[in-house]
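**Student:** Coordinates in start-v6.csv, CSV, C-alpha atoms, are listed below.
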```csv
chain,number,residue,atom,x,y,z
A,79,MET,CA,0.0,0.0,0.0
A,80,GLU,CA,2.9,2.3,0.9
A,81,GLU,CA,4.5,1.5,-2.4
A,82,PHE,CA,1.3,2.3,-4.2
A,83,ALA,CA,1.3,5.8,-2.8
A,84,VAL,CA,5.0,6.4,-3.4
A,85,ILE,CA,4.7,5.5,-7.1
A,86,LEU,CA,1.7,7.7,-7.6
A,87,ILE,CA,3.2,10.7,-5.8
A,88,SER,CA,6.5,10.3,-7.5
A,89,SER,CA,5.0,10.0,-11.0
A,90,ILE,CA,2.4,12.7,-10.5
A,91,LEU,CA,4.3,15.4,-8.7
A,92,ILE,CA,8.0,14.7,-8.3
A,93,ASN,CA,8.8,13.3,-11.7
A,94,ASN,CA,6.0,15.0,-13.5
A,95,TYR,CA,6.4,14.2,-17.1
A,96,VAL,CA,5.6,17.6,-18.5
A,97,LEU,CA,7.1,20.1,-16.1
A,98,VAL,CA,10.0,18.1,-14.6
A,99,GLN,CA,11.0,15.7,-17.5
A,100,PHE,CA,9.8,18.0,-20.3
A,101,LEU,CA,8.1,15.2,-22.2
A,102,GLY,CA,4.7,15.7,-24.0
A,103,LEU,CA,5.2,19.5,-24.4
A,104,CYS,CA,3.4,19.6,-27.7
A,105,PRO,CA,-0.1,18.9,-26.4
A,106,PHE,CA,0.8,20.9,-23.3
A,107,MET,CA,1.2,24.1,-25.4
A,108,GLY,CA,-1.2,23.1,-28.2
A,109,VAL,CA,-4.3,22.0,-26.4
A,110,SER,CA,-4.3,24.3,-23.4
A,111,ASN,CA,-6.2,27.2,-24.9
A,112,LYS,CA,-9.5,26.1,-23.6
A,113,LEU,CA,-10.3,24.3,-20.4
A,114,ASP,CA,-12.9,22.0,-22.1
A,115,SER,CA,-10.6,20.6,-24.7
A,116,ALA,CA,-7.8,20.3,-22.1
A,117,ILE,CA,-10.0,18.1,-20.0
A,118,GLY,CA,-10.9,15.9,-23.0
A,119,MET,CA,-7.2,15.6,-23.9
A,120,SER,CA,-6.3,14.7,-20.4
A,121,ALA,CA,-8.8,11.9,-20.1
A,122,ALA,CA,-7.8,10.4,-23.5
A,123,THR,CA,-4.1,10.6,-22.7
A,124,THR,CA,-4.4,9.1,-19.2
A,125,PHE,CA,-6.4,6.2,-20.7
A,126,VAL,CA,-3.9,5.6,-23.4
A,127,LEU,CA,-0.9,6.0,-21.1
A,128,THR,CA,-2.1,3.4,-18.7
A,129,LEU,CA,-3.0,0.9,-21.5
A,130,THR,CA,0.3,1.4,-23.3
A,131,ALA,CA,2.3,1.0,-20.1
A,132,MET,CA,0.6,-2.4,-19.6
A,133,VAL,CA,0.9,-3.6,-23.2
A,134,SER,CA,4.5,-2.4,-23.6
A,135,TYR,CA,5.4,-4.1,-20.4
A,136,VAL,CA,4.1,-7.4,-21.8
A,137,VAL,CA,5.9,-6.9,-25.1
A,138,ASN,CA,9.1,-6.1,-23.3
A,139,ALA,CA,9.1,-8.8,-20.7
A,140,LEU,CA,7.7,-11.6,-22.7
A,141,ILE,CA,9.2,-11.0,-26.1
A,142,LEU,CA,12.1,-8.5,-26.2
A,143,VAL,CA,14.0,-9.4,-23.0
A,144,PRO,CA,14.0,-13.2,-23.4
A,145,LEU,CA,15.2,-12.9,-27.0
A,146,GLY,CA,17.9,-10.4,-26.1
A,147,LEU,CA,16.4,-7.7,-28.3
A,148,ASP,CA,16.4,-4.8,-25.9
A,149,TYR,CA,17.8,-2.5,-28.6
A,150,LEU,CA,14.5,-2.9,-30.5
A,151,ARG,CA,12.5,-1.3,-27.6
A,152,THR,CA,12.0,2.1,-29.2
A,153,ILE,CA,10.6,0.8,-32.5
A,154,ALA,CA,8.6,-1.9,-30.8
A,155,PHE,CA,7.0,0.5,-28.4
A,156,ILE,CA,6.1,2.9,-31.1
A,157,LEU,CA,4.3,0.1,-32.9
A,158,VAL,CA,2.5,-0.8,-29.6
A,159,ILE,CA,1.5,2.9,-29.1
A,160,ALA,CA,0.1,3.3,-32.6
A,161,ALA,CA,-1.8,0.1,-32.4
A,162,VAL,CA,-3.2,0.8,-28.9
A,163,VAL,CA,-4.3,4.3,-29.9
A,164,GLN,CA,-6.1,3.1,-33.0
A,165,PHE,CA,-7.7,0.2,-31.1
A,166,THR,CA,-8.8,2.6,-28.3
A,167,LYS,CA,-10.3,4.9,-30.9
A,168,MET,CA,-12.4,2.1,-32.5
A,169,PHE,CA,-13.4,0.7,-29.1
A,170,ILE,CA,-14.6,4.0,-27.8
A,171,GLU,CA,-16.4,4.8,-31.1
A,172,LYS,CA,-18.3,1.5,-30.7
A,173,THR,CA,-19.0,1.5,-27.0
A,174,SER,CA,-19.6,5.1,-26.2
A,175,PRO,CA,-20.3,7.5,-29.1
A,176,LEU,CA,-20.7,10.4,-26.6
A,177,LEU,CA,-17.2,9.9,-25.2
A,178,TYR,CA,-16.0,9.5,-28.7
A,179,ARG,CA,-17.4,12.8,-29.7
A,180,VAL,CA,-15.7,14.5,-26.7
A,181,LEU,CA,-12.3,12.9,-27.3
A,182,GLY,CA,-12.6,12.5,-31.1
A,183,VAL,CA,-9.9,14.8,-32.3
A,184,PHE,CA,-7.5,14.2,-29.5
A,185,LEU,CA,-7.2,10.4,-29.7
A,186,PRO,CA,-5.1,10.3,-32.9
A,187,LEU,CA,-3.0,13.1,-31.6
A,188,ILE,CA,-1.8,11.0,-28.6
A,189,THR,CA,0.2,8.8,-31.0
A,190,THR,CA,2.7,11.6,-31.3
A,191,ASN,CA,2.8,12.5,-27.6
A,192,CYS,CA,6.3,11.7,-26.6
A,193,ALA,CA,5.3,11.3,-22.9
A,194,VAL,CA,3.6,8.0,-23.9
A,195,LEU,CA,6.8,6.6,-25.4
A,196,GLY,CA,8.8,8.1,-22.6
A,197,VAL,CA,6.8,6.3,-19.9
A,198,ALA,CA,7.0,3.0,-21.8
A,199,LEU,CA,10.8,3.3,-22.2
A,200,GLN,CA,11.5,4.4,-18.7
A,201,ASN,CA,9.4,1.6,-17.3
A,202,ALA,CA,11.5,-0.8,-19.3
A,203,ASN,CA,14.7,0.7,-18.2
A,204,LYS,CA,13.7,0.7,-14.5
A,205,ASP,CA,12.9,-3.0,-14.5
A,206,LEU,CA,9.5,-2.5,-12.9
A,207,ASN,CA,7.0,-5.3,-12.6
A,208,PHE,CA,3.6,-5.4,-14.4
A,209,PHE,CA,1.7,-3.7,-11.5
A,210,GLN,CA,4.3,-1.0,-11.0
A,211,SER,CA,4.4,-0.3,-14.7
A,212,SER,CA,0.7,0.2,-15.1
A,213,LEU,CA,0.6,2.3,-12.0
A,214,TYR,CA,3.5,4.4,-13.3
A,215,GLY,CA,1.5,4.8,-16.6
A,216,PHE,CA,-1.6,5.9,-14.7
A,217,GLY,CA,0.4,8.3,-12.5
A,218,ALA,CA,2.1,9.8,-15.5
A,219,GLY,CA,-1.3,10.3,-17.1
A,220,ALA,CA,-2.8,11.8,-13.9
A,221,GLY,CA,0.2,14.2,-13.6
A,222,PHE,CA,-0.2,15.2,-17.3
A,223,SER,CA,-3.9,15.9,-16.7
A,224,LEU,CA,-3.2,17.9,-13.5
A,225,VAL,CA,-0.7,20.1,-15.2
A,226,LEU,CA,-2.6,20.5,-18.5
A,227,VAL,CA,-5.8,21.5,-16.7
A,228,LEU,CA,-4.0,23.9,-14.4
A,229,PHE,CA,-2.2,25.4,-17.3
A,230,SER,CA,-5.3,25.8,-19.5
A,231,ALA,CA,-7.1,27.5,-16.6
A,232,LEU,CA,-4.2,29.9,-16.3
A,233,ARG,CA,-4.2,30.6,-20.0
A,234,GLU,CA,-7.9,31.3,-20.0
A,235,ARG,CA,-7.2,34.0,-17.4
A,236,LEU,CA,-4.2,35.2,-19.4
A,237,ALA,CA,-6.4,35.7,-22.5
A,238,THR,CA,-8.0,38.7,-20.8
A,239,ALA,CA,-5.0,39.9,-19.0
A,240,ASP,CA,-3.2,43.1,-20.1
A,241,VAL,CA,0.0,41.5,-21.4
A,242,PRO,CA,2.8,43.7,-22.9
A,243,GLN,CA,2.8,43.4,-26.6
A,244,PRO,CA,6.1,41.5,-27.1
A,245,PHE,CA,4.9,38.8,-24.6
A,246,GLN,CA,1.5,38.2,-26.1
A,247,GLY,CA,0.4,34.8,-27.3
A,248,ALA,CA,2.7,31.9,-27.1
A,249,ALA,CA,5.5,33.9,-25.4
A,250,ILE,CA,3.5,34.5,-22.2
A,251,GLY,CA,2.5,30.8,-22.4
A,252,MET,CA,6.1,29.7,-22.4
A,253,ILE,CA,6.9,32.0,-19.5
A,254,THR,CA,3.9,30.7,-17.5
A,255,ALA,CA,5.0,27.1,-18.2
A,256,GLY,CA,8.5,27.9,-17.1
A,257,LEU,CA,7.2,29.4,-13.8
A,258,MET,CA,5.0,26.3,-13.3
A,259,SER,CA,8.0,24.1,-13.9
A,260,LEU,CA,10.0,26.1,-11.2
A,261,ALA,CA,7.1,25.6,-8.8
A,262,PHE,CA,7.1,21.8,-9.5
A,263,MET,CA,10.8,21.7,-8.7
A,264,GLY,CA,9.7,22.4,-5.1
A,265,PHE,CA,8.3,18.8,-5.0
A,266,SER,CA,11.7,17.2,-5.5
A,267,GLY,CA,12.9,15.4,-2.4
A,268,LEU,CA,9.4,14.8,-1.2
A,269,VAL,CA,9.8,11.1,-1.2
B,608,MET,CA,37.9,-4.7,-34.7
B,609,ILE,CA,35.0,-5.7,-36.7
B,610,GLU,CA,33.0,-8.5,-35.1
B,611,VAL,CA,31.3,-10.9,-37.4
B,612,LEU,CA,27.8,-11.2,-36.1
B,613,ASP,CA,25.7,-14.3,-36.3
B,614,ALA,CA,23.1,-14.0,-39.0
B,615,LYS,CA,20.7,-15.7,-36.6
B,616,ILE,CA,20.5,-12.5,-34.4
B,617,PHE,CA,19.3,-10.5,-37.3
B,618,LEU,CA,16.8,-13.1,-38.3
B,619,ILE,CA,15.3,-13.2,-34.9
B,620,ALA,CA,15.1,-9.4,-34.7
B,621,VAL,CA,13.4,-9.1,-38.1
B,622,THR,CA,11.0,-12.0,-37.3
B,623,VAL,CA,10.0,-10.5,-34.0
B,624,LEU,CA,9.3,-7.0,-35.5
B,625,VAL,CA,7.4,-8.5,-38.4
B,626,GLY,CA,5.6,-10.7,-36.0
B,627,LEU,CA,4.6,-7.8,-33.8
B,628,GLY,CA,3.5,-5.8,-36.8
B,629,VAL,CA,1.4,-8.7,-38.2
B,630,PHE,CA,-0.1,-9.3,-34.7
B,631,PHE,CA,-1.1,-5.7,-34.1
B,632,GLY,CA,-2.3,-5.4,-37.7
B,633,ALA,CA,-4.5,-8.5,-37.3
B,634,LEU,CA,-5.8,-7.1,-34.0
B,635,LEU,CA,-6.7,-3.9,-35.7
B,636,GLY,CA,-8.2,-5.6,-38.6
B,637,PHE,CA,-10.3,-7.7,-36.3
B,638,ALA,CA,-11.3,-4.6,-34.3
B,639,ALA,CA,-12.3,-2.8,-37.5
B,640,GLU,CA,-14.5,-5.7,-38.4
B,641,TYR,CA,-16.2,-6.0,-35.0
B,642,PHE,CA,-16.1,-2.5,-33.6
B,643,THR,CA,-17.2,-0.4,-36.6
B,644,SER,CA,-20.2,1.7,-35.4
B,645,GLU,CA,-23.2,1.0,-37.5
B,646,GLN,CA,-24.5,4.2,-38.8
B,647,ASP,CA,-28.3,4.1,-39.2
B,648,PRO,CA,-28.7,3.7,-43.0
B,649,VAL,CA,-31.9,5.8,-42.8
B,650,VAL,CA,-30.0,8.7,-41.3
B,651,GLU,CA,-27.6,8.6,-44.2
B,652,GLN,CA,-30.4,8.5,-46.8
B,653,ILE,CA,-32.2,11.5,-45.2
B,654,ASP,CA,-28.9,13.4,-45.0
B,655,GLN,CA,-28.5,12.9,-48.7
B,656,LEU,CA,-31.9,14.4,-49.4
B,657,LEU,CA,-31.2,17.5,-47.3
B,658,PRO,CA,-29.6,20.4,-49.2
B,659,GLN,CA,-26.3,20.4,-47.2
B,660,THR,CA,-26.4,24.1,-46.7
B,661,GLN,CA,-25.4,23.6,-43.1
B,662,CYS,CA,-27.4,26.8,-42.3
B,663,GLY,CA,-28.8,25.7,-39.0
B,664,GLN,CA,-32.3,27.2,-39.7
B,665,CYS,CA,-33.8,23.9,-38.5
B,666,GLY,CA,-32.3,24.5,-35.0
B,667,PHE,CA,-29.7,21.8,-35.4
B,668,PRO,CA,-26.0,22.5,-36.0
B,669,GLY,CA,-26.0,21.1,-39.5
B,670,CYS,CA,-27.8,18.8,-41.9
B,671,GLN,CA,-26.5,15.6,-40.5
B,672,PRO,CA,-27.8,16.2,-36.9
B,673,TYR,CA,-31.2,17.2,-38.3
B,674,ALA,CA,-31.2,14.0,-40.4
B,675,GLN,CA,-30.5,12.0,-37.2
B,676,SER,CA,-33.3,13.9,-35.5
B,677,ILE,CA,-35.8,13.1,-38.3
B,678,ALA,CA,-34.9,9.5,-38.1
B,679,GLU,CA,-35.8,9.6,-34.4
B,680,GLY,CA,-39.2,11.1,-35.2
B,681,ASP,CA,-38.7,14.8,-35.5
B,682,ALA,CA,-40.9,16.9,-37.9
B,683,ILE,CA,-39.7,16.8,-41.5
B,684,ASN,CA,-40.7,20.4,-42.4
B,685,LYS,CA,-38.0,22.4,-40.7
B,686,CYS,CA,-35.7,22.9,-43.7
B,687,PRO,CA,-36.4,26.2,-45.6
B,688,PRO,CA,-33.5,25.9,-48.1
B,689,GLY,CA,-34.7,22.5,-49.2
B,690,GLY,CA,-38.3,23.7,-49.3
B,691,GLN,CA,-41.3,21.6,-50.4
B,692,THR,CA,-39.2,19.5,-52.7
B,693,THR,CA,-37.1,18.2,-49.9
B,694,ILE,CA,-40.1,17.6,-47.6
B,695,ASN,CA,-41.8,15.6,-50.4
B,696,ALA,CA,-38.7,13.6,-51.0
B,697,ILE,CA,-38.2,12.8,-47.3
B,698,ALA,CA,-41.9,12.0,-46.9
B,699,LYS,CA,-41.6,9.5,-49.8
B,700,LEU,CA,-38.5,7.9,-48.3
B,701,LEU,CA,-40.1,7.5,-44.8
B,702,ASP,CA,-43.5,6.7,-46.3
B,703,ILE,CA,-45.3,9.4,-44.4
B,704,THR,CA,-47.5,12.2,-45.6
B,705,ALA,CA,-45.8,15.4,-46.8
B,706,ILE,CA,-46.6,18.5,-44.8
B,707,PRO,CA,-46.1,22.1,-45.7
B,708,LEU,CA,-43.0,24.0,-44.6
B,709,ASP,CA,-43.0,25.2,-41.1
B,710,GLN,CA,-42.8,29.0,-41.5
B,711,GLU,CA,-41.3,29.4,-38.0
B,712,HIS,CA,-37.9,28.3,-39.4
B,713,GLY,CA,-37.9,30.6,-42.4
B,714,GLU,CA,-39.4,30.9,-45.8
B,715,GLU,CA,-38.5,29.1,-49.0
B,716,SER,CA,-36.7,31.4,-51.3
B,717,ALA,CA,-34.8,31.3,-54.5
B,718,ARG,CA,-31.2,30.0,-54.3
B,719,THR,CA,-28.8,32.8,-53.5
B,720,ILE,CA,-25.1,33.1,-53.0
B,721,ALA,CA,-23.2,35.5,-50.8
B,722,THR,CA,-21.1,38.2,-52.4
B,723,ILE,CA,-18.7,40.4,-50.6
B,724,ARG,CA,-18.4,44.1,-51.7
B,725,GLU,CA,-14.7,43.8,-51.7
B,726,ASP,CA,-13.8,47.5,-51.5
B,727,GLU,CA,-15.8,47.8,-48.3
B,728,CYS,CA,-14.4,44.7,-46.6
B,729,ILE,CA,-12.3,45.6,-43.6
B,730,GLY,CA,-10.8,42.1,-43.2
B,731,CYS,CA,-12.2,41.3,-39.8
B,732,THR,CA,-12.4,37.5,-40.5
B,733,LYS,CA,-15.8,37.3,-38.7
B,734,CYS,CA,-17.7,36.0,-41.7
B,735,ILE,CA,-14.9,33.3,-42.3
B,736,LYS,CA,-15.6,32.0,-38.8
B,737,ALA,CA,-19.3,32.0,-39.4
B,738,CYS,CA,-19.3,30.1,-42.7
B,739,PRO,CA,-20.2,26.5,-42.1
B,740,VAL,CA,-18.8,25.3,-45.4
B,741,ASP,CA,-15.5,27.3,-45.5
B,742,ALA,CA,-16.6,29.1,-48.6
B,743,ILE,CA,-15.0,32.4,-47.6
B,744,VAL,CA,-11.3,33.0,-48.1
B,745,GLY,CA,-9.2,35.8,-46.7
B,746,ALA,CA,-6.9,36.7,-43.9
B,747,ALA,CA,-6.9,39.3,-41.0
B,748,LYS,CA,-6.9,42.9,-42.3
B,749,LEU,CA,-7.0,41.7,-45.9
B,750,MET,CA,-9.9,41.6,-48.2
B,751,HIS,CA,-12.2,38.5,-48.1
B,752,THR,CA,-14.0,36.9,-51.0
B,753,VAL,CA,-16.6,34.1,-51.5
B,754,ILE,CA,-15.9,31.0,-53.5
B,755,ALA,CA,-19.2,31.0,-55.4
B,756,ASP,CA,-19.1,27.3,-56.1
B,757,GLU,CA,-18.8,26.4,-52.4
B,758,CYS,CA,-21.4,28.9,-51.1
B,759,THR,CA,-24.7,27.3,-50.0
B,760,GLY,CA,-26.5,30.6,-49.5
B,761,CYS,CA,-27.2,30.0,-45.8
B,762,ASP,CA,-27.1,33.7,-44.8
B,763,LEU,CA,-25.0,32.9,-41.7
B,764,CYS,CA,-22.3,35.4,-42.8
B,765,ILE,CA,-24.7,38.4,-43.0
B,766,ASP,CA,-25.2,39.0,-39.3
B,767,PRO,CA,-21.5,38.9,-38.1
B,768,CYS,CA,-20.4,41.4,-40.7
B,769,PRO,CA,-19.7,44.7,-38.9
B,770,VAL,CA,-19.8,46.8,-42.0
B,771,ASP,CA,-22.6,45.0,-43.8
B,772,CYS,CA,-20.7,44.5,-47.0
B,773,ILE,CA,-22.2,41.1,-47.8
B,774,ASP,CA,-25.0,40.8,-50.3
B,775,MET,CA,-27.1,37.7,-51.0
B,776,ILE,CA,-27.5,37.6,-54.8
B,777,PRO,CA,-30.1,35.3,-56.3
B,778,VAL,CA,-28.6,32.8,-58.7
B,779,LYS,CA,-30.3,32.9,-62.1
B,780,ALA,CA,-30.8,29.5,-63.5
B,781,ASP,CA,-28.9,29.4,-66.7
B,782,ILE,CA,-28.2,26.6,-69.1
B,783,THR,CA,-25.5,25.1,-67.0
B,784,GLU,CA,-27.6,25.0,-63.8
B,785,TRP,CA,-31.1,24.5,-64.8
B,786,TYR,CA,-32.2,20.9,-64.7
B,787,TRP,CA,-35.5,19.3,-65.6
B,788,PRO,CA,-37.4,18.9,-62.4
B,789,ALA,CA,-38.2,15.3,-61.6
B,790,PRO,CA,-41.8,14.3,-62.3
B,791,GLU,CA,-43.8,14.2,-59.1
B,792,ARG,CA,-45.3,10.9,-58.5
B,793,THR,CA,-48.7,12.0,-57.4
B,794,ALA,CA,-51.8,10.0,-56.5
B,795,GLU,CA,-53.6,11.0,-59.7
B,796,ILE,CA,-51.1,9.3,-61.9
B,797,LEU,CA,-51.4,6.0,-60.1
B,798,ALA,CA,-55.1,6.2,-59.6
B,799,VAL,CA,-57.3,4.1,-61.8
B,800,PRO,CA,-59.1,6.3,-64.4
B,801,GLN,CA,-62.7,7.0,-63.6
B,802,LEU,CA,-65.0,4.7,-65.5
B,803,SER,CA,-67.5,6.7,-67.5
B,804,GLY,CA,-71.0,5.6,-68.1
B,805,ASN,CA,-70.8,4.6,-71.8
B,806,GLN,CA,-68.1,2.0,-71.0
B,807,THR,CA,-69.4,-1.4,-70.1
```
Starting from the file, give its structure as structure tokens.

**Tutor:**
Amino acid sequence: MEEFAVILISSILINNYVLVQFLGLCPFMGVSNKLDSAIGMSAATTFVLTLTAMVSYVVNALILVPLGLDYLRTIAFILVIAAVVQFTKMFIEKTSPLLYRVLGVFLPLITTNCAVLGVALQNANKDLNFFQSSLYGFGAGAGFSLVLVLFSALRERLATADVPQPFQGAAIGMITAGLMSLAFMGFSGLV
Amino acid sequence: MIEVLDAKIFLIAVTVLVGLGVFFGALLGFAAEYFTSEQDPVVEQIDQLLPQTQCGQCGFPGCQPYAQSIAEGDAINKCPPGGQTTINAIAKLLDITAIPLDQEHGEESARTIATIREDECIGCTKCIKACPVDAIVGAAKLMHTVIADECTGCDLCIDPCPVDCIDMIPVKADITEWYWPAPERTAEILAVPQLSGNQT
């Protein structure tokens, strides 16, 4: 139980994939203009992250490691991610058209989210077991969601703020992200 | 020093990758077969009869959502651009009686297309955002214009224009656009001719 909490806290706050490890920055900057779409993206990414962490663990532990093919991890995991995303898309479209309409655009975008590949590769490098891997995947997704939702709420406020002209638009977004990243550094050493 | 690698290692690596690819491909193929959402074929047929102006006068955000709603039992007379012709066609498809157009949603009028008076356009991009079919081209602070072939004449760009420089111009049916209207299959044609007294 203690391990459970440690993994979650470390993946959500201390090793936050976006603000501490700087992975998955493209959706972080791209989909954070509106809170609604940020929430949709977060949900889709968390789902895919958890699922990919599980599947890539299976592929790594049962196929790549026994055959001594560790160097094929990257390409094999990309294959896994692409397949999982596509499968998720079809599955959601069939089972819940409403959820599909909410997530619709964001699902294919997740394929190119480097945090997804990052989680899979780091899990493999750390030699975690199946349970730990999936928990790490979920934690990474939750951390991504937390940061994305916070950031989009900030940007909605910034849209009406009186920003000096040279800093308007993406520039102030970058500065805000940098300040958030500094704030998240405060979590290091928590566990 | 160059090490001579065993060919077997390559063989295994290639086999594993191809195997993974084939496995996931098969999985997706299977999923595509079993998880494709079945679109209601009636919805698609109704959608094809609607004029695809995407004008929203029916109260739905486009023709497809209205088609969906009709399939679920909504009234068929909410489409002014389609007019009576569309109502009759849908009534025939669904095998229900045709009803006159609901004036609440607008009146049937001749087909028009939007035209921007280009020297008055201030380049605000508001009409571009309003256009449901992306028929207006232009950029911020530059003149906009309407692609006549794409315009459905839905009037949605009129209201947002801050300088009122958009006109709806009726399209004259010329030789390239006019088509012979399909004969209406009315009850009289199918009815048995009245027998007159001198025929026995």

**Student:** Kindly give the distance, in Å, that separates atom CA of Gly251 of chain A and atom CA of Ala237 of chain A, rounded to a single decimal.

**Tutor:**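 Computed distance, atom CA of Gly251 of chain A to atom CA of Ala237 of chain A, equals 10.2 Å.
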
**Student:** What is the atom CA of Met132 of chain A to atom CA of Val162 of chain A distance in Å?

**Tutor:**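 Atom CA of Val162 of chain A lies at a distance of 10.5 Å from atom CA of Met132 of chain A.
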
**Student:** Would you mind reading off the distance between atom CA of Thr190 of chain A and atom CA of Phe229 of chain A, one decimal, in Å?

**Tutor:**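 Going from atom CA of Thr190 of chain A over to atom CA of Phe229 of chain A, I get 20.3 Å.
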
**Student:** For chain A against chain B, which residues fall within 7 Å using all atoms listed in the file, given as a ChimeraX atom specification?

**Tutor:** /A:147,154,161,165,168-169,171-172

**Student:** Counting all atoms listed in the file, figure out which residue out of B:Gln655, B:Gln671, B:Thr759, B:Thr622 gets nearest to Ile697 of chain B.

**Tutor:** B:Gln655

**Student:** Fewer than 4 positions away in the same chain doesn't count, so skip those; otherwise give me all residues within 10 Å of Phe216 of chain A, counting only C-alpha atoms, as JSON, numbers by chain.

**Tutor:** {"A": [85, 86, 89, 90, 123, 124, 125, 126, 127, 128, 129, 130, 131, 132, 197, 210, 211, 212, 220, 221, 222]}

**Student:** Is there a way to get, as an NGL selection string, all residues within 12 Å of the point (-14.5, 44.2, -52.7) in file coordinates, counting only C-alpha atoms?

**Tutor:** :B and (722-730 or 745 or 749-753 or 772-774)

**Student:** Between A:Ile87, A:Cys192, A:Ile159, A:Ile92, which is the closest to Ser259 of chain A once you count only C-alpha atoms?

**Tutor:**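 Going through A:Ile87, A:Cys192, A:Ile159, A:Ile92 one by one, the smallest distance to Ser259 of chain A is for A:Ile92.
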
**Student:** So that I can check the surroundings of Pro739 of chain B, please list as a ChimeraX atom specification every protein, DNA and RNA residue that reaches within 9 Å of it, counting only C-alpha atoms and ignoring chain neighbours fewer than 2 positions away.

**Tutor:** /B:660-662,669,735-737,741-742,761,763

**Student:** Near Pro688 of chain B, counting only C-alpha atoms, which residues have an atom at most 9 Å away, once you skip same-chain residues fewer than 6 positions from it, shown as an mmCIF file with C-alpha atoms, in the coordinates of the input?

**Tutor:**
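part-v9.cif was written with the following content:
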```cif
data_model
loop_
_atom_site.group_PDB
_atom_site.id
_atom_site.type_symbol
_atom_site.label_atom_id
_atom_site.label_comp_id
_atom_site.auth_asym_id
_atom_site.auth_seq_id
_atom_site.Cartn_x
_atom_site.Cartn_y
_atom_site.Cartn_z
ATOM 1 C CA LEU B 657 -31.200 17.500 -47.300
ATOM 2 C CA PRO B 658 -29.600 20.400 -49.200
ATOM 3 C CA THR B 660 -26.400 24.100 -46.700
ATOM 4 C CA CYS B 662 -27.400 26.800 -42.300
ATOM 5 C CA GLN B 664 -32.300 27.200 -39.700
ATOM 6 C CA GLY B 713 -37.900 30.600 -42.400
ATOM 7 C CA GLU B 714 -39.400 30.900 -45.800
ATOM 8 C CA GLU B 715 -38.500 29.100 -49.000
ATOM 9 C CA SER B 716 -36.700 31.400 -51.300
ATOM 10 C CA ALA B 717 -34.800 31.300 -54.500
ATOM 11 C CA ARG B 718 -31.200 30.000 -54.300
ATOM 12 C CA GLY B 760 -26.500 30.600 -49.500
ATOM 13 C CA CYS B 761 -27.200 30.000 -45.800
#
```

**Student:** Go through A:Leu257, A:Leu232, A:Ala198, A:Leu185 and flag the residue nearest Ile170 of chain A, using only C-alpha atoms for the distances.

**Tutor:**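 Once distances to Ile170 of chain A are computed over only C-alpha atoms, the minimum belongs to A:Leu185.
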
**Student:** Kindly indicate which residue among A:Leu113, A:Phe155, A:Arg179, A:Tyr214 lies nearest to Leu142 of chain A, using all atoms listed in the file for the distances.

**Tutor:**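 Selected residue with least distance to Leu142 of chain A: A:Phe155.
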